[in-house]
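Peer 1: Sharing my_file-v2.cif, mmCIF, C-alpha atoms:
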```
data_protein
loop_
_atom_site.label_atom_id
_atom_site.label_comp_id
_atom_site.auth_asym_id
_atom_site.auth_seq_id
_atom_site.Cartn_x
_atom_site.Cartn_y
_atom_site.Cartn_z
CA ALA C 1 14.24 12.60 3.99
CA ILE C 2 16.87 9.92 4.64
CA SER C 3 18.65 10.74 1.37
CA LEU C 4 18.64 14.43 2.20
CA ASP C 5 20.03 13.73 5.68
CA LEU C 6 22.85 11.64 4.23
CA LEU C 7 23.54 14.29 1.63
CA LEU C 8 23.73 17.07 4.22
CA GLY C 9 26.07 14.97 6.34
CA THR C 10 28.36 14.40 3.37
CA LEU C 11 28.33 18.09 2.50
CA SER C 12 29.11 19.04 6.10
CA HIS C 13 32.10 16.69 6.14
CA THR C 14 33.30 18.01 2.78
CA MET C 15 32.95 21.63 3.85
CA SER C 16 34.89 20.89 7.04
CA ALA C 17 37.71 19.27 5.06
CA TRP C 18 37.90 22.23 2.75
CA SER C 19 37.83 24.81 5.53
CA THR C 20 41.60 25.31 5.46
CA GLU C 21 41.70 25.76 1.71
CA ARG C 22 38.74 28.11 1.71
CA ARG C 23 40.64 30.63 3.86
CA ARG C 24 42.85 31.24 0.87
CA LEU C 25 39.94 31.97 -1.45
CA PRO C 26 38.58 35.45 -2.05
CA ASN C 27 35.58 36.47 0.05
CA MET C 28 33.23 36.26 -2.95
CA MET C 29 34.27 32.66 -3.60
CA LYS C 30 33.78 31.77 0.04
CA LYS C 31 30.28 33.25 0.32
CA TRP C 32 28.66 32.54 -3.03
CA VAL C 33 30.50 30.59 -5.70
CA LEU C 34 31.42 27.41 -3.84
CA PRO C 35 28.07 26.97 -2.01
CA THR C 36 26.23 27.61 -5.27
CA MET C 37 28.29 24.97 -7.07
CA LEU C 38 27.69 22.42 -4.33
CA TYR C 39 23.98 23.15 -4.31
CA GLY C 40 23.75 22.84 -8.08
CA CYS C 41 25.67 19.56 -8.15
CA PHE C 42 24.07 17.77 -5.20
CA VAL C 43 21.10 19.35 -3.44
CA ALA C 44 19.11 20.44 -6.51
CA PRO C 45 19.26 17.04 -8.32
CA MET C 46 18.36 15.15 -5.14
CA SER C 47 15.44 17.51 -4.51
CA LEU C 48 14.14 16.99 -8.06
CA ILE C 49 14.38 13.22 -7.70
CA SER C 50 12.52 13.32 -4.37
CA ILE C 51 9.76 15.52 -5.82
CA SER C 52 9.48 13.27 -8.87
CA ARG C 53 9.14 10.19 -6.66
CA SER C 54 6.43 11.81 -4.55
CA MET C 55 4.54 12.83 -7.70
CA ALA C 56 4.81 9.28 -9.06
CA LEU C 57 3.31 7.80 -5.89
CA SER C 58 0.49 10.35 -5.97
CA HIS C 59 -0.19 9.99 -9.69
CA HIS C 60 0.17 6.23 -10.17
CA TYR C 61 -0.85 4.55 -6.93
CA THR C 62 -3.63 6.55 -5.21
CA ALA C 63 -6.52 4.89 -7.05
CA PRO C 64 -7.68 2.90 -3.97
CA LEU C 65 -7.95 6.06 -1.85
CA GLN C 66 -9.77 7.90 -4.63
CA LEU C 67 -12.18 5.04 -5.21
CA TYR C 68 -13.11 4.50 -1.55
CA THR C 69 -13.62 8.25 -1.20
CA HIS C 70 -15.93 8.16 -4.24
CA LEU C 71 -17.77 5.18 -2.73
CA HIS C 72 -18.49 7.17 0.43
CA ARG C 73 -19.81 10.14 -1.57
CA TYR C 74 -21.83 7.91 -3.91
CA HIS C 75 -23.52 6.03 -1.08
CA HIS C 76 -24.32 9.28 0.73
CA HIS C 77 -25.86 10.70 -2.46
CA GLN C 78 -27.95 7.55 -2.98
CA THR C 79 -29.14 7.66 0.62
CA GLN C 80 -30.14 11.32 0.35
CA GLN C 81 -31.94 10.69 -2.93
CA ALA C 82 -33.83 7.74 -1.46
CA ALA C 83 -34.87 9.80 1.57
CA SER C 84 -36.18 12.64 -0.59
CA SER C 85 -38.16 10.31 -2.86
CA SER C 86 -39.38 8.01 -0.05
CA THR C 87 -37.82 4.99 -1.74
CA THR C 88 -35.21 2.54 -0.54
CA VAL C 89 -32.11 2.11 -2.65
CA HIS C 90 -29.75 0.45 -0.18
CA SER C 91 -30.15 -0.78 3.38
CA THR C 92 -28.38 0.98 6.22
CA ARG C 93 -26.11 -2.04 6.64
CA GLY C 94 -24.26 -4.03 4.03
CA LEU C 95 -20.98 -5.29 2.66
CA VAL C 96 -18.36 -3.73 0.46
CA CYS C 97 -16.74 -6.80 -1.07
CA THR C 98 -13.46 -7.53 -2.76
CA ALA C 99 -11.60 -10.62 -3.89
CA GLY C 100 -7.88 -10.25 -4.52
CA GLU C 101 -7.78 -6.53 -3.68
CA TRP C 102 -8.28 -6.91 0.07
CA HIS C 103 -4.66 -5.92 0.79
CA ARG C 104 -5.17 -2.42 -0.68
CA PHE C 105 -8.13 -1.66 1.58
CA PRO C 106 -7.08 1.59 3.32
CA SER C 107 -9.25 1.73 6.44
CA SER C 108 -12.77 1.14 7.75
CA TYR C 109 -13.10 4.92 8.01
CA PHE C 110 -13.54 4.97 4.22
CA LEU C 111 -16.61 2.72 4.33
CA PRO C 112 -20.16 4.09 4.44
CA LEU C 113 -21.76 4.14 7.87
CA GLY C 114 -23.01 0.68 8.81
CA TYR C 115 -21.01 -1.13 6.11
CA GLU C 116 -18.26 -3.69 6.56
CA LEU C 117 -15.60 -5.19 4.31
CA GLY C 118 -16.49 -8.61 2.88
CA PHE C 119 -14.03 -11.11 1.41
CA LEU C 120 -14.84 -13.16 -1.68
CA LYS C 121 -12.96 -16.39 -2.37
CA SER C 122 -9.80 -15.68 -4.37
CA SER C 123 -6.48 -17.27 -5.27
CA PHE C 124 -5.05 -16.10 -1.93
CA SER C 125 -4.96 -19.13 0.36
CA GLY C 126 -3.70 -17.57 3.60
CA GLN C 127 -5.53 -16.29 6.66
CA LEU C 128 -7.54 -13.14 6.05
CA PRO C 129 -8.15 -10.37 8.61
CA GLN C 130 -11.24 -10.36 10.76
CA PRO C 131 -12.87 -7.30 12.36
CA PHE C 132 -13.45 -7.03 16.08
CA VAL C 133 -17.01 -7.10 17.37
CA SER C 134 -18.06 -4.50 19.92
CA ASN C 135 -19.16 -5.85 23.28
CA HIS C 136 -21.32 -3.07 24.72
CA ASP C 137 -21.93 -4.87 28.01
CA GLN C 138 -18.24 -5.07 28.89
CA GLU C 139 -17.28 -1.88 27.00
CA ARG C 140 -14.62 -3.62 24.97
CA SER C 141 -14.16 -5.47 21.68
CA HIS C 142 -13.65 -9.17 21.24
CA GLU C 143 -12.56 -11.27 18.29
CA GLN C 144 -14.92 -13.36 16.23
CA GLY C 145 -14.42 -16.39 14.01
CA GLN C 146 -11.53 -18.83 13.96
CA PHE C 147 -7.85 -17.81 14.18
CA ASN C 148 -4.64 -19.80 13.88
CA ASP C 149 -0.95 -19.02 14.25
CA GLU C 150 0.14 -20.77 11.02
CA ASN C 151 -1.50 -18.41 8.51
CA ARG C 152 -3.81 -21.19 7.33
CA GLU C 153 -6.91 -20.28 5.37
CA GLU C 154 -10.09 -19.93 7.44
CA LEU C 155 -13.23 -20.46 5.40
CA ASP C 156 -15.45 -18.49 7.79
CA ARG C 157 -13.93 -15.26 6.39
CA TYR C 158 -15.72 -15.55 3.06
CA VAL C 159 -19.12 -14.18 2.09
CA SER C 160 -21.45 -14.88 -0.80
CA ILE C 161 -21.58 -12.50 -3.75
CA SER C 162 -25.34 -12.19 -3.20
CA ASP C 163 -24.67 -10.61 0.21
CA CYS C 164 -22.56 -7.81 -1.27
CA THR C 165 -23.87 -4.34 -2.06
CA TYR C 166 -20.66 -3.01 -3.60
CA LEU C 167 -17.70 -4.75 -5.18
CA ILE C 168 -14.20 -3.37 -5.79
CA GLU C 169 -11.89 -4.99 -8.31
CA LEU C 170 -8.71 -4.25 -10.27
CA VAL C 171 -9.51 -4.85 -13.94
CA LYS C 172 -6.54 -5.47 -16.21
CA PRO C 173 -6.67 -4.84 -19.99
CA THR C 174 -6.68 -8.57 -20.79
CA ASN C 175 -9.25 -11.06 -21.99
CA GLU C 176 -9.25 -12.90 -18.66
CA ASP C 177 -11.79 -11.69 -16.10
CA PRO C 178 -10.43 -10.97 -12.61
CA GLU C 179 -11.77 -13.01 -9.72
CA GLY C 180 -14.27 -10.38 -8.61
CA LEU C 181 -15.90 -10.26 -12.04
CA GLN C 182 -16.08 -14.04 -12.10
CA HIS C 183 -18.10 -13.91 -8.87
CA MET C 184 -20.36 -11.26 -10.43
CA LYS C 185 -21.09 -13.47 -13.44
CA GLY C 186 -22.16 -16.24 -11.07
CA ASP C 187 -24.64 -14.00 -9.25
CA VAL C 188 -28.04 -15.20 -10.51
CA SER C 189 -30.16 -13.11 -8.13
CA GLY C 190 -28.81 -9.66 -8.96
CA SER C 191 -27.19 -7.51 -11.62
CA TRP C 192 -24.05 -5.42 -11.33
CA THR C 193 -23.43 -1.90 -12.62
CA ARG C 194 -20.08 -0.23 -13.03
CA ILE C 195 -19.97 3.08 -11.12
CA VAL C 196 -16.50 4.52 -11.60
CA SER C 197 -12.89 3.55 -12.41
CA TYR C 198 -9.58 5.14 -11.50
CA PRO C 199 -6.24 4.42 -13.20
CA PHE C 200 -3.79 2.27 -11.27
CA LEU C 201 -0.29 1.63 -12.61
CA ASP C 202 0.47 -1.82 -14.03
CA ALA C 203 3.97 -2.36 -12.64
CA GLU C 204 4.55 -5.51 -14.70
CA GLN C 205 3.91 -3.82 -18.04
CA THR C 206 5.37 -0.37 -17.31
CA PRO C 207 9.07 0.35 -18.00
CA LEU C 208 11.41 0.93 -15.08
CA LEU C 209 11.84 4.71 -15.00
CA PRO C 210 8.16 5.79 -15.15
CA ARG C 211 7.39 3.06 -12.61
CA ILE C 212 9.52 4.68 -9.89
CA LEU C 213 9.60 8.35 -10.95
CA TYR C 214 7.12 10.75 -12.50
CA VAL C 215 8.33 11.43 -16.04
CA PRO C 216 6.47 14.14 -18.03
CA SER C 217 5.27 13.06 -21.46
CA PHE C 218 7.58 15.41 -23.37
CA LEU C 219 10.59 14.01 -21.49
CA GLN C 220 9.43 10.47 -22.20
CA ASN C 221 9.44 11.24 -25.92
CA VAL C 222 12.95 12.69 -25.75
CA LEU C 223 14.38 9.77 -23.80
CA SER C 224 12.54 7.18 -25.89
CA ASN C 225 14.25 8.48 -29.02
CA ALA C 226 17.64 7.93 -27.40
CA GLY C 227 18.72 4.35 -28.03
CA ALA C 228 20.35 3.90 -24.62
CA PHE C 229 17.09 4.65 -22.76
CA GLN C 230 14.53 2.81 -24.90
CA SER C 231 14.37 -0.17 -22.54
CA LEU C 232 13.95 2.07 -19.47
CA VAL C 233 11.52 4.73 -20.68
CA GLY C 234 8.10 4.37 -22.22
CA PRO C 235 4.49 5.31 -21.61
CA PRO C 236 3.05 3.95 -18.34
CA VAL C 237 0.44 1.21 -18.59
CA TYR C 238 -2.63 1.49 -16.38
CA GLN C 239 -5.28 -0.84 -15.03
CA ASP C 240 -8.80 0.12 -13.94
CA TYR C 241 -9.48 0.19 -10.22
CA THR C 242 -13.26 -0.18 -10.46
CA LEU C 243 -16.32 0.12 -8.24
CA TYR C 244 -19.49 -1.87 -8.96
CA VAL C 245 -22.89 -1.75 -7.28
CA ARG C 246 -25.38 -4.62 -7.04
CA THR C 247 -29.05 -4.33 -7.82
CA PRO C 248 -31.46 -7.17 -6.92
CA MET C 249 -33.46 -8.46 -9.85
CA HIS C 250 -36.73 -6.86 -8.68
CA LYS C 251 -35.28 -3.32 -8.42
CA GLU C 252 -34.34 -0.69 -10.94
CA PRO C 253 -30.60 -0.01 -11.46
CA PRO C 254 -29.34 2.90 -9.33
CA LEU C 255 -28.50 6.30 -10.72
CA ILE C 256 -24.78 6.64 -11.48
CA VAL C 257 -23.20 9.88 -10.26
#
```
Written as structure tokens, that's how I'd like the structure from this file.
Peer 2:
Amino acid sequence: AISLDLLLGTLSHTMSAWSTERRRLPNMMKKWVLPTMLYGCFVAPMSLISISRSMALSHHYTAPLQLYTHLHRYHHHQTQQAASSSTTVHSTRGLVCTAGEWHRFPSSYFLPLGYELGFLKSSFSGQLPQPFVSNHDQERSHEQGQFNDENREELDRYVSISDCTYLIELVKPTNEDPEGLQHMKGDVSGSWTRIVSYPFLDAEQTPLLPRILYVPSFLQNVLSNAGAFQSLVGPPVYQDYTLYVRTPMHKEPPLIV
């Protein structure tokens, strides 16, 4: 929008400067040829770039929104199945946990009813967020836990992996396990099952152009064959934004949907 506004301002100034010269042009040139040339040279390319950028954001970076939406549907399905079979799969309250992926958490509205976000210990050593607690007597919310104004780490933010019902982690295609999976391996009282994964762009491994713009595969092949663009264009590299569910040792693993 900002680029388009700047572009329109530039075009308006240019058209004003050319107003004297345009009086000498034939009527057909005034009405059609010159505006069409300006549109083809400026507006159309900028529009294509803007559309490509929007498609890149939607295609490469929406995995967290898709996964939390799937979590809500999955939990609702499990709850309905448990109610119909008179069994208990998950409690009405619990924790959706994450380690290093806390900063991509979209909103509490994406969590199942009665669930909260739980933080597992990770390499991040700053102060983590803390939810407000409802005070029904005074009809307001108040803060809980310890806070400081120096962004120091507060250990009361962290939960145990055994308290988590779900875990969300970004799994890279490397031999090293991410921090969330390391917590899962240390959970001796429960087992973890992978539910679903969504692709999330690996910005460090993806070339520049497909990282910022959506480039169709056929265009990638054309540009890759051109020597001048080989360092800028290539296939995007993805990571797995993954949802896991915990099952205590005495229960059967849940049905994956």
Peer 1: So how many Å separate atom CA of Pro235 of chain C and atom CA of Ala63 of chain C, to one decimal?
Peer 2: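 So the answer is 18.3 Å.
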Peer 1: The PyMOL selection byres ((chain C and resi 70) around 10) - which residues does that actually catch in the file I just gave you? List them as a VMD selection string.
Peer 2: chain C and resid 64 to 69 71 to 76 110 195 to 197 243 257
Peer 1: Suppose a student applies the PyMOL selection byres ((chain C and resi 157-174) around 6) to this structure; what residues should they get, written as a PyMOL selection string?
Peer 2: chain C and resi 95-98+119-120+155-156+175-176+180+239-246
Peer 1: I need the residues from that last selection saved to file as a PDB file, keeping the file's coordinate frame (with C-alpha atoms), if you can.
Peer 2:
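Output file result-v6.pdb follows:
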```pdb
ATOM      1  CA  LEU C  95     -20.980  -5.290   2.660  1.00  0.00           C
ATOM      2  CA  VAL C  96     -18.360  -3.730   0.460  1.00  0.00           C
ATOM      3  CA  CYS C  97     -16.740  -6.800  -1.070  1.00  0.00           C
ATOM      4  CA  THR C  98     -13.460  -7.530  -2.760  1.00  0.00           C
ATOM      5  CA  PHE C 119     -14.030 -11.110   1.410  1.00  0.00           C
ATOM      6  CA  LEU C 120     -14.840 -13.160  -1.680  1.00  0.00           C
ATOM      7  CA  LEU C 155     -13.230 -20.460   5.400  1.00  0.00           C
ATOM      8  CA  ASP C 156     -15.450 -18.490   7.790  1.00  0.00           C
ATOM      9  CA  ASN C 175      -9.250 -11.060 -21.990  1.00  0.00           C
ATOM     10  CA  GLU C 176      -9.250 -12.900 -18.660  1.00  0.00           C
ATOM     11  CA  GLY C 180     -14.270 -10.380  -8.610  1.00  0.00           C
ATOM     12  CA  GLN C 239      -5.280  -0.840 -15.030  1.00  0.00           C
ATOM     13  CA  ASP C 240      -8.800   0.120 -13.940  1.00  0.00           C
ATOM     14  CA  TYR C 241      -9.480   0.190 -10.220  1.00  0.00           C
ATOM     15  CA  THR C 242     -13.260  -0.180 -10.460  1.00  0.00           C
ATOM     16  CA  LEU C 243     -16.320   0.120  -8.240  1.00  0.00           C
ATOM     17  CA  TYR C 244     -19.490  -1.870  -8.960  1.00  0.00           C
ATOM     18  CA  VAL C 245     -22.890  -1.750  -7.280  1.00  0.00           C
ATOM     19  CA  ARG C 246     -25.380  -4.620  -7.040  1.00  0.00           C
TER      20      ARG C 246
END
```
Peer 1: Using only C-alpha atoms for the distances, tell me which of C:Phe147, C:Gln78, C:His60, C:Thr247 is nearest to Thr193 of chain C.
Peer 2: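 Of C:Phe147, C:Gln78, C:His60, C:Thr247, the one nearest Thr193 of chain C is C:Thr247, counting only C-alpha atoms.
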Peer 1: For atom CA of Glu101 of chain C and atom CA of Glu154 of chain C, determine how far apart the two atoms are, in Å to one decimal place.
Peer 2: 17.6 Å
Peer 1: For this structure, which residues satisfy the selection - the PyMOL selection byres ((chain C and resi 121-131) around 6) - when it is evaluated on the file as given? I want them as a ChimeraX atom specification.
Peer 2: /C:99-100,120,132,151-154
Peer 1: Between atom CA of Ile49 of chain C and atom CA of Glu204 of chain C, what distance in Å does the model show, to one decimal?
Peer 2: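 Distance reported for this atom pair: 22.3 Å.
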Peer 1: Between C:Gly234, C:Pro45, C:Pro178, C:Gly190, which is the closest to Leu209 of chain C once you count all atoms listed in the file?
Peer 2: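 The answer is C:Gly234, which sits nearest to Leu209 of chain C.
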Peer 1: Using all atoms listed in the file for the distances, tell me which of C:Pro112, C:Pro207, C:Gly186, C:Pro216 is nearest to Ser52 of chain C.
Peer 2: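 Between C:Pro112, C:Pro207, C:Gly186, C:Pro216, the residue approaching Ser52 of chain C most closely is C:Pro216.
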